[in-house]
Amino acid sequence: MKNALWPLFLVLAAAGLASLASSLRGPIEIVWNAEPRQIAPAAAVFGVAGLVSLGLLAGFVLTWARQAPARARARADKRLIAGLAAVSAGDTAEAGKRLAQARAQGTPLLAGLLAAQTALAEGRPGDAAGAYTALTNDPDTKLIGLRGLLTLALRSGDIEGGRSLVARVRKLAPKAPWASEAAFDLAIKASDWQGALEGVTHASKARLLAPETGARRRAVLLAAQALGAEANGQHGEALKHATAALKLEPGLVPAAALAARETARTGHAKRAQEIVTRAWTVSPHPDLAMSLAGFMGSQAEAALRALTQLQMVHPETRLLTAALALRAGQPEEALAAVAPLKAGLPTARTARVLSEIAAAKGDAAGARAWADRAADARRDAVWRCEACAHEARDWAPVCPACGAFDRLAWVSAGPGALDAGSKPADGRALYRLPGPPPAKPVPERPAGPAPSGPRLVSLRPPDDPGPVASEDELFRKSAPPAPL
Ligand SMILES: [Zn+2]
């Protein structure tokens with residue numbers, strides 16, 4: 001718009017000057033070198049206009065020349081940006097072309113960044129490290145270079161190198177959130193739970209972590225420390241860490257099960273029961289019920305009944321309720337408890353419980369049908385990595401397959417996921433409690449002799465591979481011959 005008005009302005013100015021020149025009468029006298037001279041009015045007007053125009057033109061040329069380096073830098077930056085975009089898109093050839101153009105126009109430091117990224121995209125970590133190292137030599141790009149080197153150290157698992165880089169970054173930028181995150185990742189890779197915990201505390205104090213993220217990380221790290229201590233026979237330490245974890249995350253099942261185990265170990269069964277109850281209120285889980293059954297001895301049944309009064313519509317509570325009803329010889333109550341789980345595609349555990357119920361009612365054909373259905377039923381909840389979908393039998397602070405921190409979640413499989421014999425950890429716990437024997441035994445699942453007290457036993461006979469039976473555990477007096 002501004003440029004479009006220029007011709008109009010020039011035309012108007014020329015017309016104005018012409019009008020001014022024509023309105024003047026007689027010659028104009030000027031003094032040049034101390035001598036008076038006379039010139040025509042039009043010549044005077046256009047002479048002055050010409051001098052002003054020349055001045056303006058000279059100013060424009062000077063300004064244009066002064067801005068030339070900035071324009072060159074902008075063009076180079078544009079090429080660098082195009083090169084970085086090409087790297088992001090995976091077009092390393094285009095990135096290389098842009099890099100050469102940018103280098104030809106200067107900006108060698110930022111060109112180094114593009115060179116590093118191109119090398120990374122082309123799988124040349126050595127060249128990338130060289131380019132990042134070059135960036136660390138200039139104060140303006142030192143942090144960019146250190147960040148790149150830190151990323152490379154994390155990728156290659158160079159824990160010591162990474163830690164040294166983090167120390168260098170912290171001197172330059174103590175509050176860089178990415179350095180804090182990298183320090184945490186390095187500690188996790190080294191299974192240094194205490195180091196990771198200290199890092200989380202530091203990051204939380206510096207407000208680099210959201211409070212809920214900090215609390216969750218602390219809880220998981222404390223649970224990891226508790227499991228490690230328990231494995232080393234340091235029971236006091238294990239209980240201390242697990243208790244601290246539960247204060248932050250009351251529903252953290254592995255911490256609750258461990259805290260209950262260790263508390264019961266010290267002879268405080270009632271207190272251990274309270275731990276399980278609190279955790280069940282947040283996250284009903286078979287490990288909690290199994291843990292309770294394990295340490296409550298003769299009061300196990302009453303303790304489990306108390307548990308079924310919490311989270312009553314949760315599938316886990318329904319399965320436990322059905323088990324207790326079966327033990328009491330009340331298959332109709334058991335059926336009422338699991339009836340909502342029959343809708344749609346029942347899981348393998350639900351199908352097995354329904355088989356037990358049918359057997360208890362004397363319906364051998366129904367028991368067989370549900371037992372068969374359990375073989376290809378929808379899979380039950382399992383510890384699954386949210387990053388790589390790896391399934392693990394036991395919870396762990398990091399995924400054993402991909403190393404991701406706190407990504408193992410107790411989740412059920414999708415509606416299309418069927419129970420397959422080769423898959424682990426399905427049908428984790430099938431509750432079956434001591435009680436009157438079923439009216440007719442479950443087909444192909446012969447009952448064994450009844451031991452004297454409650455204990456955890458395997459559901460299947462040793463010679464029955466079963467679809468997921470290797471993962472099955474149950475709690476009952478009347479048990480098959482192979483105790484766990
Ligand atoms: Zn994973």
# chains A, B, ... in the order shown; residues from 1 in each chain; ligands from 1
call {"tool": "residues_around", "arguments": {"residues": "range 190-204 of chain A", "least_positions_apart": "5", "cutoff": "12 Å", "atoms": "only C-alpha atoms", "output": "compact mmCIF listing (two decimals) with C-alpha atoms, in the first residue's frame"}}
result
# COMPACT_ATOMS: atom_id res chain seq x y z
CA LEU A 154 21.48 -40.87 26.91
CA GLY A 157 23.69 -45.39 27.62
CA ASP A 158 26.90 -43.56 28.54
CA ILE A 159 25.87 -42.89 32.14
CA GLU A 160 29.16 -41.49 33.44
CA GLY A 162 26.06 -38.06 30.72
CA ARG A 163 26.50 -37.20 34.39
CA VAL A 166 24.85 -32.57 33.40
CA PRO A 174 21.14 -24.38 37.00
CA LYS A 175 17.44 -24.24 36.20
CA ALA A 176 17.46 -25.90 32.77
CA PRO A 177 14.54 -28.36 33.02
CA TRP A 178 15.94 -30.62 30.29
CA ALA A 179 19.18 -31.08 32.28
CA SER A 180 17.16 -32.04 35.34
CA GLU A 181 15.16 -34.54 33.26
CA ALA A 182 18.34 -35.95 31.73
CA ALA A 183 19.88 -36.38 35.20
CA PHE A 184 16.75 -38.27 36.26
CA ASP A 185 16.86 -40.51 33.16
CA LEU A 209 8.31 -30.53 38.15
CA ALA A 210 4.57 -30.34 38.63
CA PRO A 211 3.79 -31.26 42.29
CA GLU A 212 1.73 -34.32 41.31
CA THR A 213 4.48 -35.56 38.97
CA GLY A 214 7.07 -35.12 41.70
CA ALA A 215 4.94 -36.98 44.24
CA ARG A 216 4.25 -39.86 41.85
CA ARG A 217 7.92 -40.21 40.97
CA ARG A 218 8.94 -40.16 44.62
CA ALA A 219 6.36 -42.84 45.44
CA VAL A 220 7.51 -45.14 42.64
CA LEU A 221 11.19 -44.66 43.55
CA LEU A 222 10.46 -45.39 47.21
CA ALA A 223 8.58 -48.54 46.18
CA ALA A 224 11.60 -49.53 44.08
CA GLN A 225 13.87 -49.01 47.08
CA ALA A 226 11.48 -51.03 49.24
CA LEU A 227 11.48 -53.98 46.82
CA GLY A 228 15.28 -53.87 46.63
CA ALA A 229 15.62 -53.80 50.41
CA HIS A 241 10.32 -47.08 52.16
CA ALA A 245 5.57 -44.54 49.18
CA ALA A 396 8.65 -53.06 38.42
CA PRO A 397 9.66 -49.39 38.52
CA VAL A 398 11.05 -49.63 34.97
CA CYS A 399 9.77 -51.72 32.08
CA PRO A 400 12.04 -54.76 31.71
CA GLY A 403 13.42 -49.39 30.31
CA ALA A 404 10.66 -46.77 30.54
CA PHE A 405 10.10 -45.48 34.07
call {"tool": "closest_atom_pairs", "arguments": {"of": "chain A", "to": "ligand 1", "cutoff": "10 Å", "atoms": "only C-alpha atoms and all ligand atoms", "output": "CSV"}}
result
residue,atom,partner,partner_atom_place_in_ligand_line,distance
A:Arg384,CA,ligand 1,1 (Zn),7.9
A:Cys385,CA,ligand 1,1 (Zn),4.6
A:Glu386,CA,ligand 1,1 (Zn),6.6
A:Ala387,CA,ligand 1,1 (Zn),4.9
A:Cys388,CA,ligand 1,1 (Zn),4.1
A:Ala389,CA,ligand 1,1 (Zn),6.0
A:His390,CA,ligand 1,1 (Zn),5.4
A:Glu391,CA,ligand 1,1 (Zn),8.3
A:Ala392,CA,ligand 1,1 (Zn),9.5
A:Val398,CA,ligand 1,1 (Zn),7.8
A:Cys399,CA,ligand 1,1 (Zn),4.5
A:Pro400,CA,ligand 1,1 (Zn),6.6
A:Ala401,CA,ligand 1,1 (Zn),5.0
A:Cys402,CA,ligand 1,1 (Zn),4.1
A:Gly403,CA,ligand 1,1 (Zn),6.0
A:Ala404,CA,ligand 1,1 (Zn),5.6
A:Phe405,CA,ligand 1,1 (Zn),8.5
A:Asp406,CA,ligand 1,1 (Zn),9.4
A:Arg407,CA,ligand 1,1 (Zn),6.9
A:Leu408,CA,ligand 1,1 (Zn),7.4
call {"tool": "atom_distance", "arguments": {"atom1": "CA of Val169 in chain A", "atom2": "CA of Leu146 in chain A"}}
result
6.8 Å
